[in-house]
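Shown here: target_4.cif, mmCIF, C-alpha atoms.
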data_entry
#
loop_
_atom_site.label_atom_id
_atom_site.label_comp_id
_atom_site.auth_asym_id
_atom_site.auth_seq_id
_atom_site.Cartn_x
_atom_site.Cartn_y
_atom_site.Cartn_z
CA MET A 93 -114.77 29.74 1.95
CA GLN A 94 -117.38 30.32 -0.75
CA THR A 95 -115.16 33.05 -2.14
CA LYS A 96 -111.44 33.59 -1.80
CA PRO A 97 -110.86 37.30 -1.13
CA LEU A 98 -107.45 38.79 -1.74
CA VAL A 99 -105.18 39.06 1.28
CA SER A 100 -102.39 41.64 1.28
CA ILE A 101 -99.40 40.35 3.24
CA ILE A 102 -97.03 43.08 4.41
CA ILE A 103 -93.51 42.10 5.49
CA PRO A 104 -91.78 45.12 7.09
CA ASN A 105 -88.07 44.44 7.55
CA TYR A 106 -85.21 46.11 9.34
CA ASN A 107 -81.87 44.27 9.73
CA HIS A 108 -83.41 40.80 9.86
CA GLU A 109 -81.22 39.31 7.14
CA ARG A 110 -80.73 36.20 9.29
CA TYR A 111 -84.45 35.40 9.46
CA LEU A 112 -85.81 37.08 6.34
CA LYS A 113 -85.68 34.19 3.88
CA GLN A 114 -87.42 31.82 6.30
CA ARG A 115 -90.14 34.43 6.87
CA ILE A 116 -90.75 35.07 3.16
CA GLU A 117 -90.71 31.36 2.30
CA SER A 118 -93.23 30.62 5.08
CA VAL A 119 -95.54 33.23 3.55
CA LEU A 120 -95.16 31.97 -0.01
CA ALA A 121 -95.88 28.41 1.20
CA GLN A 122 -99.38 29.29 2.47
CA THR A 123 -102.09 26.84 1.41
CA TYR A 124 -104.50 29.75 0.93
CA THR A 125 -103.20 31.11 -2.35
CA ASN A 126 -105.13 34.30 -3.17
CA PHE A 127 -102.65 36.74 -1.70
CA GLU A 128 -100.18 39.42 -2.67
CA VAL A 129 -96.94 40.21 -0.84
CA ILE A 130 -95.53 43.67 -0.13
CA LEU A 131 -91.89 43.71 0.98
CA LEU A 132 -90.66 46.80 2.81
CA ASP A 133 -87.17 47.58 4.03
CA ASP A 134 -86.50 50.40 6.49
CA CYS A 135 -82.95 51.24 5.35
CA SER A 136 -81.34 48.05 6.69
CA THR A 137 -77.58 48.10 7.22
CA ASP A 138 -77.15 44.32 6.79
CA ASP A 139 -77.55 42.31 3.57
CA SER A 140 -81.35 42.23 3.64
CA LYS A 141 -81.55 43.97 0.27
CA THR A 142 -79.87 41.06 -1.50
CA ILE A 143 -82.45 38.65 -0.10
CA LEU A 144 -85.37 40.93 -0.97
CA ASN A 145 -84.09 41.49 -4.50
CA SER A 146 -83.96 37.74 -5.08
CA TYR A 147 -87.77 37.70 -4.93
CA ARG A 148 -88.29 40.56 -7.38
CA ASP A 149 -89.60 38.32 -10.17
CA HIS A 150 -91.83 36.16 -7.98
CA PRO A 151 -95.48 36.44 -9.17
CA LYS A 152 -96.80 36.93 -5.62
CA ILE A 153 -94.47 39.85 -4.85
CA VAL A 154 -96.25 43.02 -5.98
CA HIS A 155 -94.06 45.65 -4.30
CA ILE A 156 -90.51 45.85 -2.95
CA VAL A 157 -89.88 49.25 -1.38
CA TYR A 158 -86.65 50.48 0.18
CA ASN A 159 -86.56 53.48 2.50
CA GLN A 160 -83.63 55.80 1.86
CA VAL A 161 -83.75 56.96 5.49
CA ASN A 162 -84.74 54.83 8.47
CA SER A 163 -88.26 55.73 9.61
CA GLY A 164 -87.55 54.81 13.24
CA SER A 165 -90.88 53.00 13.53
CA THR A 166 -92.14 49.63 12.36
CA PHE A 167 -95.65 51.05 12.79
CA LYS A 168 -94.99 53.63 10.06
CA GLN A 169 -94.04 50.70 7.86
CA TRP A 170 -97.36 49.00 8.66
CA PHE A 171 -99.31 51.85 7.12
CA LYS A 172 -96.89 52.37 4.28
CA GLY A 173 -97.66 48.78 3.31
CA ILE A 174 -101.40 49.18 3.91
CA ASP A 175 -101.46 52.19 1.58
CA LEU A 176 -100.03 49.93 -1.16
CA ALA A 177 -102.37 47.02 -0.40
CA SER A 178 -105.06 45.95 -2.85
CA GLY A 179 -106.58 43.23 -0.66
CA ASP A 180 -109.69 43.31 1.50
CA PHE A 181 -107.74 41.62 4.30
CA ILE A 182 -104.37 42.48 5.84
CA TRP A 183 -101.72 40.26 7.42
CA ILE A 184 -98.66 42.06 8.80
CA ALA A 185 -96.04 39.31 8.85
CA GLU A 186 -93.12 40.57 10.92
CA SER A 187 -89.81 39.76 9.30
CA ASP A 188 -88.19 37.86 12.19
CA ASP A 189 -91.13 35.46 12.72
CA TYR A 190 -92.46 32.65 10.56
CA ALA A 191 -95.76 30.83 10.10
CA SER A 192 -97.31 27.44 9.60
CA PRO A 193 -98.46 26.97 5.98
CA LEU A 194 -102.01 26.73 7.37
CA LEU A 195 -102.12 30.09 9.15
CA LEU A 196 -103.81 32.02 6.37
CA GLU A 197 -106.23 29.29 5.28
CA THR A 198 -107.31 28.54 8.86
CA SER A 199 -107.79 32.24 9.62
CA MET A 200 -109.68 33.07 6.43
CA THR A 201 -112.16 30.25 6.97
CA ARG A 202 -113.36 31.94 10.18
CA PHE A 203 -114.28 35.15 8.37
CA ASN A 204 -116.95 33.22 6.46
CA THR A 205 -118.76 31.93 9.56
CA ASP A 206 -122.08 33.23 10.90
CA TYR A 207 -120.18 35.20 13.57
CA ALA A 208 -118.28 37.03 10.78
CA PRO A 209 -115.40 38.50 12.84
CA ASP A 210 -113.43 41.58 11.87
CA VAL A 211 -110.17 40.29 13.37
CA VAL A 212 -108.84 36.72 13.59
CA PHE A 213 -105.73 35.80 15.56
CA VAL A 214 -104.04 32.46 16.18
CA GLY A 215 -102.01 30.79 18.90
CA THR A 216 -98.29 31.51 19.11
CA THR A 217 -95.21 29.45 19.87
CA ASN A 218 -92.24 31.38 21.29
CA ILE A 219 -88.96 30.49 19.56
CA ASP A 220 -85.35 31.58 19.91
CA GLU A 221 -82.94 32.71 17.21
CA TYR A 222 -82.28 29.06 16.30
CA ASN A 223 -85.99 28.13 15.88
CA ASN A 224 -86.06 26.27 19.20
CA ASP A 225 -89.35 26.25 21.11
CA ILE A 226 -88.61 28.17 24.33
CA GLY A 227 -91.98 27.56 25.94
CA ASN A 228 -95.12 29.64 26.29
CA THR A 229 -94.44 31.03 29.75
CA THR A 230 -94.73 34.79 29.36
CA ARG A 231 -96.71 36.84 31.88
CA ILE A 232 -99.58 37.10 29.40
CA GLU A 233 -99.68 33.35 28.83
CA ARG A 234 -99.54 32.58 32.55
CA THR A 235 -102.25 35.09 33.43
CA HIS A 236 -104.60 34.14 30.61
CA LYS A 237 -103.69 30.46 30.32
CA THR A 238 -107.28 29.17 30.53
CA LEU A 239 -108.57 31.74 28.05
CA LEU A 240 -105.90 30.86 25.47
CA GLU A 241 -106.38 27.08 25.64
CA LYS A 242 -109.40 26.99 23.32
CA ASP A 243 -111.01 28.92 20.46
CA PHE A 244 -113.35 31.77 21.26
CA ASN A 245 -115.35 34.62 19.72
CA ILE A 246 -115.58 37.90 21.60
CA TYR A 247 -116.74 41.47 21.08
CA GLY A 248 -114.14 44.18 21.47
CA ARG A 249 -115.49 45.97 24.53
CA THR A 250 -115.61 42.69 26.44
CA PHE A 251 -112.18 41.69 25.14
CA LEU A 252 -110.77 45.03 26.30
CA ARG A 253 -110.97 43.85 29.91
CA PHE A 254 -108.29 41.25 29.13
CA PHE A 255 -105.91 43.95 27.80
CA MET A 256 -106.00 46.30 30.76
CA PRO A 257 -103.88 47.66 32.17
CA ASP A 258 -100.87 46.33 30.25
CA TYR A 259 -101.55 42.90 28.74
CA CYS A 260 -101.21 42.66 24.99
CA ILE A 261 -103.36 39.54 24.77
CA ILE A 262 -102.66 39.43 21.02
CA ARG A 263 -99.05 38.31 21.03
CA ASN A 264 -97.88 40.17 17.93
CA ALA A 265 -99.01 41.34 14.50
CA SER A 266 -97.76 38.15 12.84
CA SER A 267 -100.56 36.19 14.51
CA VAL A 268 -103.38 38.38 13.12
CA VAL A 269 -105.42 38.74 9.94
CA PHE A 270 -107.90 41.61 9.87
CA LYS A 271 -110.38 43.27 7.55
CA LYS A 272 -109.07 46.38 5.87
CA THR A 273 -112.38 48.08 6.70
CA VAL A 274 -111.41 48.36 10.40
CA LEU A 275 -108.81 50.99 9.53
CA SER A 276 -109.48 54.65 10.26
CA GLN A 277 -107.61 57.87 10.90
CA LYS A 278 -107.72 57.07 14.63
CA ALA A 279 -106.19 53.66 13.97
CA LYS A 280 -103.46 55.34 11.96
CA GLU A 281 -102.28 57.14 15.11
CA VAL A 282 -100.29 53.96 15.72
CA ILE A 283 -97.51 55.56 13.65
CA SER A 284 -96.77 58.03 16.47
CA PHE A 285 -95.87 55.20 18.89
CA LYS A 286 -92.28 54.06 19.35
CA THR A 287 -92.72 50.84 21.39
CA ILE A 288 -96.27 49.60 21.97
CA GLY A 289 -98.09 50.77 18.88
CA ASP A 290 -99.44 47.26 18.35
CA PHE A 291 -101.00 47.39 21.83
CA TYR A 292 -102.66 50.70 20.95
CA PHE A 293 -103.90 49.28 17.64
CA TRP A 294 -105.65 46.24 19.16
CA VAL A 295 -107.01 48.30 22.08
CA HIS A 296 -108.42 50.84 19.62
CA LEU A 297 -110.22 48.06 17.72
CA CYS A 298 -111.60 46.80 21.05
CA VAL A 299 -112.87 50.27 21.96
CA LYS A 300 -114.62 50.39 18.56
CA ASN A 301 -116.24 47.06 19.53
CA TYR A 302 -115.08 45.12 16.49
CA LYS A 303 -115.55 41.36 16.62
CA PHE A 304 -112.56 39.10 17.37
CA THR A 305 -112.05 35.38 16.81
CA TYR A 306 -109.22 33.45 18.46
CA ILE A 307 -107.88 30.15 17.11
CA ALA A 308 -105.93 28.27 19.78
CA GLU A 309 -103.90 26.23 17.29
CA LYS A 310 -100.32 27.56 17.36
CA LEU A 311 -99.80 28.58 13.76
CA ASN A 312 -97.58 31.60 14.46
CA PHE A 313 -93.93 31.34 15.53
CA MET A 314 -92.76 34.46 17.35
CA ARG A 315 -89.04 34.93 17.64
CA LYS A 316 -87.36 36.35 20.74
CA HIS A 317 -83.85 37.70 20.22
CA LYS A 318 -81.69 40.65 21.18
CA GLY A 319 -82.73 42.71 18.17
CA THR A 320 -86.42 42.95 19.00
CA VAL A 321 -87.99 46.28 20.01
CA ARG A 322 -89.01 44.88 23.40
CA ASN A 323 -85.33 44.29 24.15
CA ASN A 324 -84.26 47.80 23.17
CA PRO A 325 -83.55 49.78 26.39
CA GLU A 326 -83.63 53.12 24.56
CA LYS A 327 -87.14 52.56 23.20
CA SER A 328 -88.34 51.06 26.45
CA THR A 329 -88.03 54.48 28.07
CA PHE A 330 -91.06 55.57 26.03
CA LYS A 331 -93.21 52.66 27.16
CA LEU A 332 -94.65 54.12 30.37
CA ALA A 333 -95.65 57.35 28.64
CA GLU A 334 -97.29 55.37 25.87
CA TYR A 335 -99.22 53.21 28.34
CA ASN A 336 -100.45 56.39 29.99
CA ARG A 337 -101.58 57.73 26.62
CA ILE A 338 -103.48 54.52 25.85
CA HIS A 339 -105.07 54.41 29.31
CA ASN A 340 -106.33 57.98 28.94
CA TYR A 341 -107.80 57.13 25.55
CA VAL A 342 -109.58 54.07 26.99
CA LEU A 343 -110.88 56.01 30.01
CA LEU A 344 -112.32 58.67 27.71
CA LYS A 345 -114.10 56.11 25.54
CA ASN A 346 -114.98 53.41 28.10
CA TRP A 347 -115.60 55.42 31.28
CA PHE A 348 -118.80 53.40 31.82
CA ASP A 349 -117.02 50.03 32.15
CA TYR A 350 -116.18 49.66 35.86
CA SER A 351 -113.86 46.67 35.33
CA VAL A 352 -111.72 48.54 32.80
CA VAL A 353 -111.68 51.78 34.78
CA ASN A 354 -110.75 49.94 37.99
CA LYS A 355 -107.81 48.17 36.37
CA ILE A 356 -106.45 51.38 34.88
CA MET A 357 -106.86 53.46 38.04
CA THR A 358 -105.28 50.73 40.21
CA TYR A 359 -102.32 50.69 37.83
CA LYS A 360 -101.99 54.49 37.96
CA ILE A 361 -102.14 54.53 41.77
CA LYS A 362 -99.43 51.87 41.99
CA ARG A 363 -97.24 53.87 39.63
CA MET A 364 -97.73 57.02 41.75
CA LYS A 365 -96.87 55.17 44.96
CA SER A 366 -93.73 53.74 43.40
CA LYS A 367 -92.46 57.28 42.80
CA LEU A 368 -92.95 58.37 46.42
#
In structure tokens, what does this structure look like?
Amino acid sequence: MQTKPLVSIIIPNYNHERYLKQRIESVLAQTYTNFEVILLDDCSTDDSKTILNSYRDHPKIVHIVYNQVNSGSTFKQWFKGIDLASGDFIWIAESDDYASPLLLETSMTRFNTDYAPDVVFVGTTNIDEYNNDIGNTTRIERTHKTLLEKDFNIYGRTFLRFFMPDYCIIRNASSVVFKKTVLSQKAKEVISFKTIGDFYFWVHLCVKNYKFTYIAEKLNFMRKHKGTVRNNPEKSTFKLAEYNRIHNYVLLKNWFDYSVVNKIMTYKIKRMKSKL
């Protein structure tokens, strides 16, 4: 890039002592070096604090913040970190994942192209708790296999069609770098979600028609283990209600897009029939 803008990297942690050091080290090892790191802990009950404290004197660590009471939402932690961020770009690096050293440099290069995207996201490798590659065979990856095989640029309202009714085409926050300017009060509503706030966040940016760039190279390593939100049965009970909330928001804003409306209404009809 002609200039190297500051990137604020937010690492929100809750009880990920086992993976936390690998995550932080993978961030500090980035080849793009103009970044700051904000470490947040949501009142962990394991030994995460010891690991976080060991980085207190590192020059890239600008904040270490401990919640005295658990917030109950990683999405609240997102915006707590964003409020502390000085950078023009944000990377929310979830504490149980890790990254290739090239993730940030590769992503930031795309912001300086003629297309000038607002959001850049990279390919993801699914790993288990032991860092083993467990294959990219999720429903999203099977359904959108051709789309995800090569780089692309796409405007949000077109991209939205790939999200509906329930596909989070962006695998997780760890795979994304975005401009801080995309944030708004409406985007901040993510903090009221318990399970699929990330889905709401990306869908909201699509509705606003921000520009997205996808890099097919798998520079993000997303961990699947028993402690993830998607494996929490209690939080999963909120998921259907949250999908309904997102669908209603999309219908209100994109009522003119037949493809999107059709997907949402088909989903709603199927849900109604399943209750009969």
Can you check which parts of range 247-321 of chain A lie within 12 Å of range 182-202 of chain A? Per residue, the shortest pair of atoms and distance in Å to one decimal, counting only C-alpha atoms, sorted by chain and number, as a tab-separated table.
residue	atom	partner	partner_atom	distance
A:Arg263	CA	A:Asp189	CA	11.8
A:Asn264	CA	A:Glu186	CA	8.5
A:Ala265	CA	A:Ile184	CA	5.8
A:Ser266	CA	A:Ala185	CA	4.5
A:Ser267	CA	A:Ala185	CA	7.9
A:Val268	CA	A:Trp183	CA	6.2
A:Val269	CA	A:Trp183	CA	4.7
A:Phe270	CA	A:Ile182	CA	5.4
A:Lys271	CA	A:Ile182	CA	6.3
A:Lys272	CA	A:Ile182	CA	6.1
A:Thr273	CA	A:Ile182	CA	9.8
A:Val274	CA	A:Ile182	CA	10.2
A:Leu275	CA	A:Ile182	CA	10.3
A:Asp290	CA	A:Ile184	CA	10.9
A:Lys303	CA	A:Arg202	CA	11.6
A:Phe304	CA	A:Arg202	CA	10.2
A:Thr305	CA	A:Arg202	CA	7.6
A:Tyr306	CA	A:Ser199	CA	9.0
A:Ile307	CA	A:Ser199	CA	7.8
A:Ala308	CA	A:Thr198	CA	11.0
A:Glu309	CA	A:Leu195	CA	9.2
A:Lys310	CA	A:Ser192	CA	8.3
A:Leu311	CA	A:Ser192	CA	5.0
A:Asn312	CA	A:Ala191	CA	4.8
A:Phe313	CA	A:Tyr190	CA	5.3
A:Met314	CA	A:Asp189	CA	5.0
A:Arg315	CA	A:Asp189	CA	5.4
A:Lys316	CA	A:Asp188	CA	8.7
A:His317	CA	A:Asp188	CA	9.1
A:Lys318	CA	A:Asp188	CA	11.4
A:Gly319	CA	A:Asp188	CA	9.4
A:Thr320	CA	A:Asp188	CA	8.7
A:Val321	CA	A:Asp188	CA	11.5
Could you make a table, as a Markdown table, of the residues of range 110-210 of chain A that have an atom within 12 Å of an atom of range 244-257 of chain A, each with its nearest atom pair and distance in Å to one decimal, counting only C-alpha atoms, in chain and number order?
| residue | atom | partner | partner_atom | distance |
| --- | --- | --- | --- | --- |
| A:Arg202 | CA | A:Asn245 | CA | 10.1 |
| A:Phe203 | CA | A:Asn245 | CA | 11.4 |
| A:Thr205 | CA | A:Asn245 | CA | 11.0 |
| A:Asp206 | CA | A:Asn245 | CA | 11.2 |
| A:Tyr207 | CA | A:Asn245 | CA | 7.8 |
| A:Ala208 | CA | A:Asn245 | CA | 9.7 |
| A:Pro209 | CA | A:Asn245 | CA | 7.9 |
| A:Asp210 | CA | A:Tyr247 | CA | 9.8 |
Find the residues near Ile283 in chain A: any atom within 9 Å, counting all atoms listed in the file, skip ones fewer than 6 places away on the same chain, and give them as number ranges by chain.
A: 165-171, 289
Set the distance at 9 Å and use all atoms listed in the file: which residues neighbour Asp138 in chain A once local chain neighbours fewer than 6 positions away are removed? I'd like the list as a PDB file with C-alpha atoms, keeping the file's coordinate frame.
ATOM      1  CA  TYR A 106     -85.210  46.110   9.340  1.00  0.00           C
ATOM      2  CA  ASN A 107     -81.870  44.270   9.730  1.00  0.00           C
ATOM      3  CA  HIS A 108     -83.410  40.800   9.860  1.00  0.00           C
ATOM      4  CA  GLU A 109     -81.220  39.310   7.140  1.00  0.00           C
TER       5      GLU A 109
END
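One distance worth recording is that between CA of Asn346 in chain A and CA of Glu334 in chain A, which is 17.9 Å.
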d(CA of Tyr124 in chain A, CA of Thr95 in chain A) in Å
11.6 Å
Which residue gives the smallest distance to Thr125 in chain A among A:Phe291, A:Tyr111, A:Lys141, A:Lys96, with all atoms listed in the file counted?
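Closest to Thr125 in chain A of all the choices is A:Lys96.
One distance worth recording is that between CA of Ser351 in chain A and CA of Thr238 in chain A, which is 19.3 Å.
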Contacts of range 225-234 of chain A at 8 Å (all atoms listed in the file; same-chain gap of 6+ positions) as a PDB file with C-alpha atoms, keeping the file's coordinate frame:
ATOM      1  CA  THR A 217     -95.210  29.450  19.870  1.00  0.00           C
ATOM      2  CA  ASN A 218     -92.240  31.380  21.290  1.00  0.00           C
ATOM      3  CA  ILE A 219     -88.960  30.490  19.560  1.00  0.00           C
ATOM      4  CA  LEU A 240    -105.900  30.860  25.470  1.00  0.00           C
ATOM      5  CA  TYR A 259    -101.550  42.900  28.740  1.00  0.00           C
ATOM      6  CA  CYS A 260    -101.210  42.660  24.990  1.00  0.00           C
ATOM      7  CA  ILE A 261    -103.360  39.540  24.770  1.00  0.00           C
TER       8      ILE A 261
END
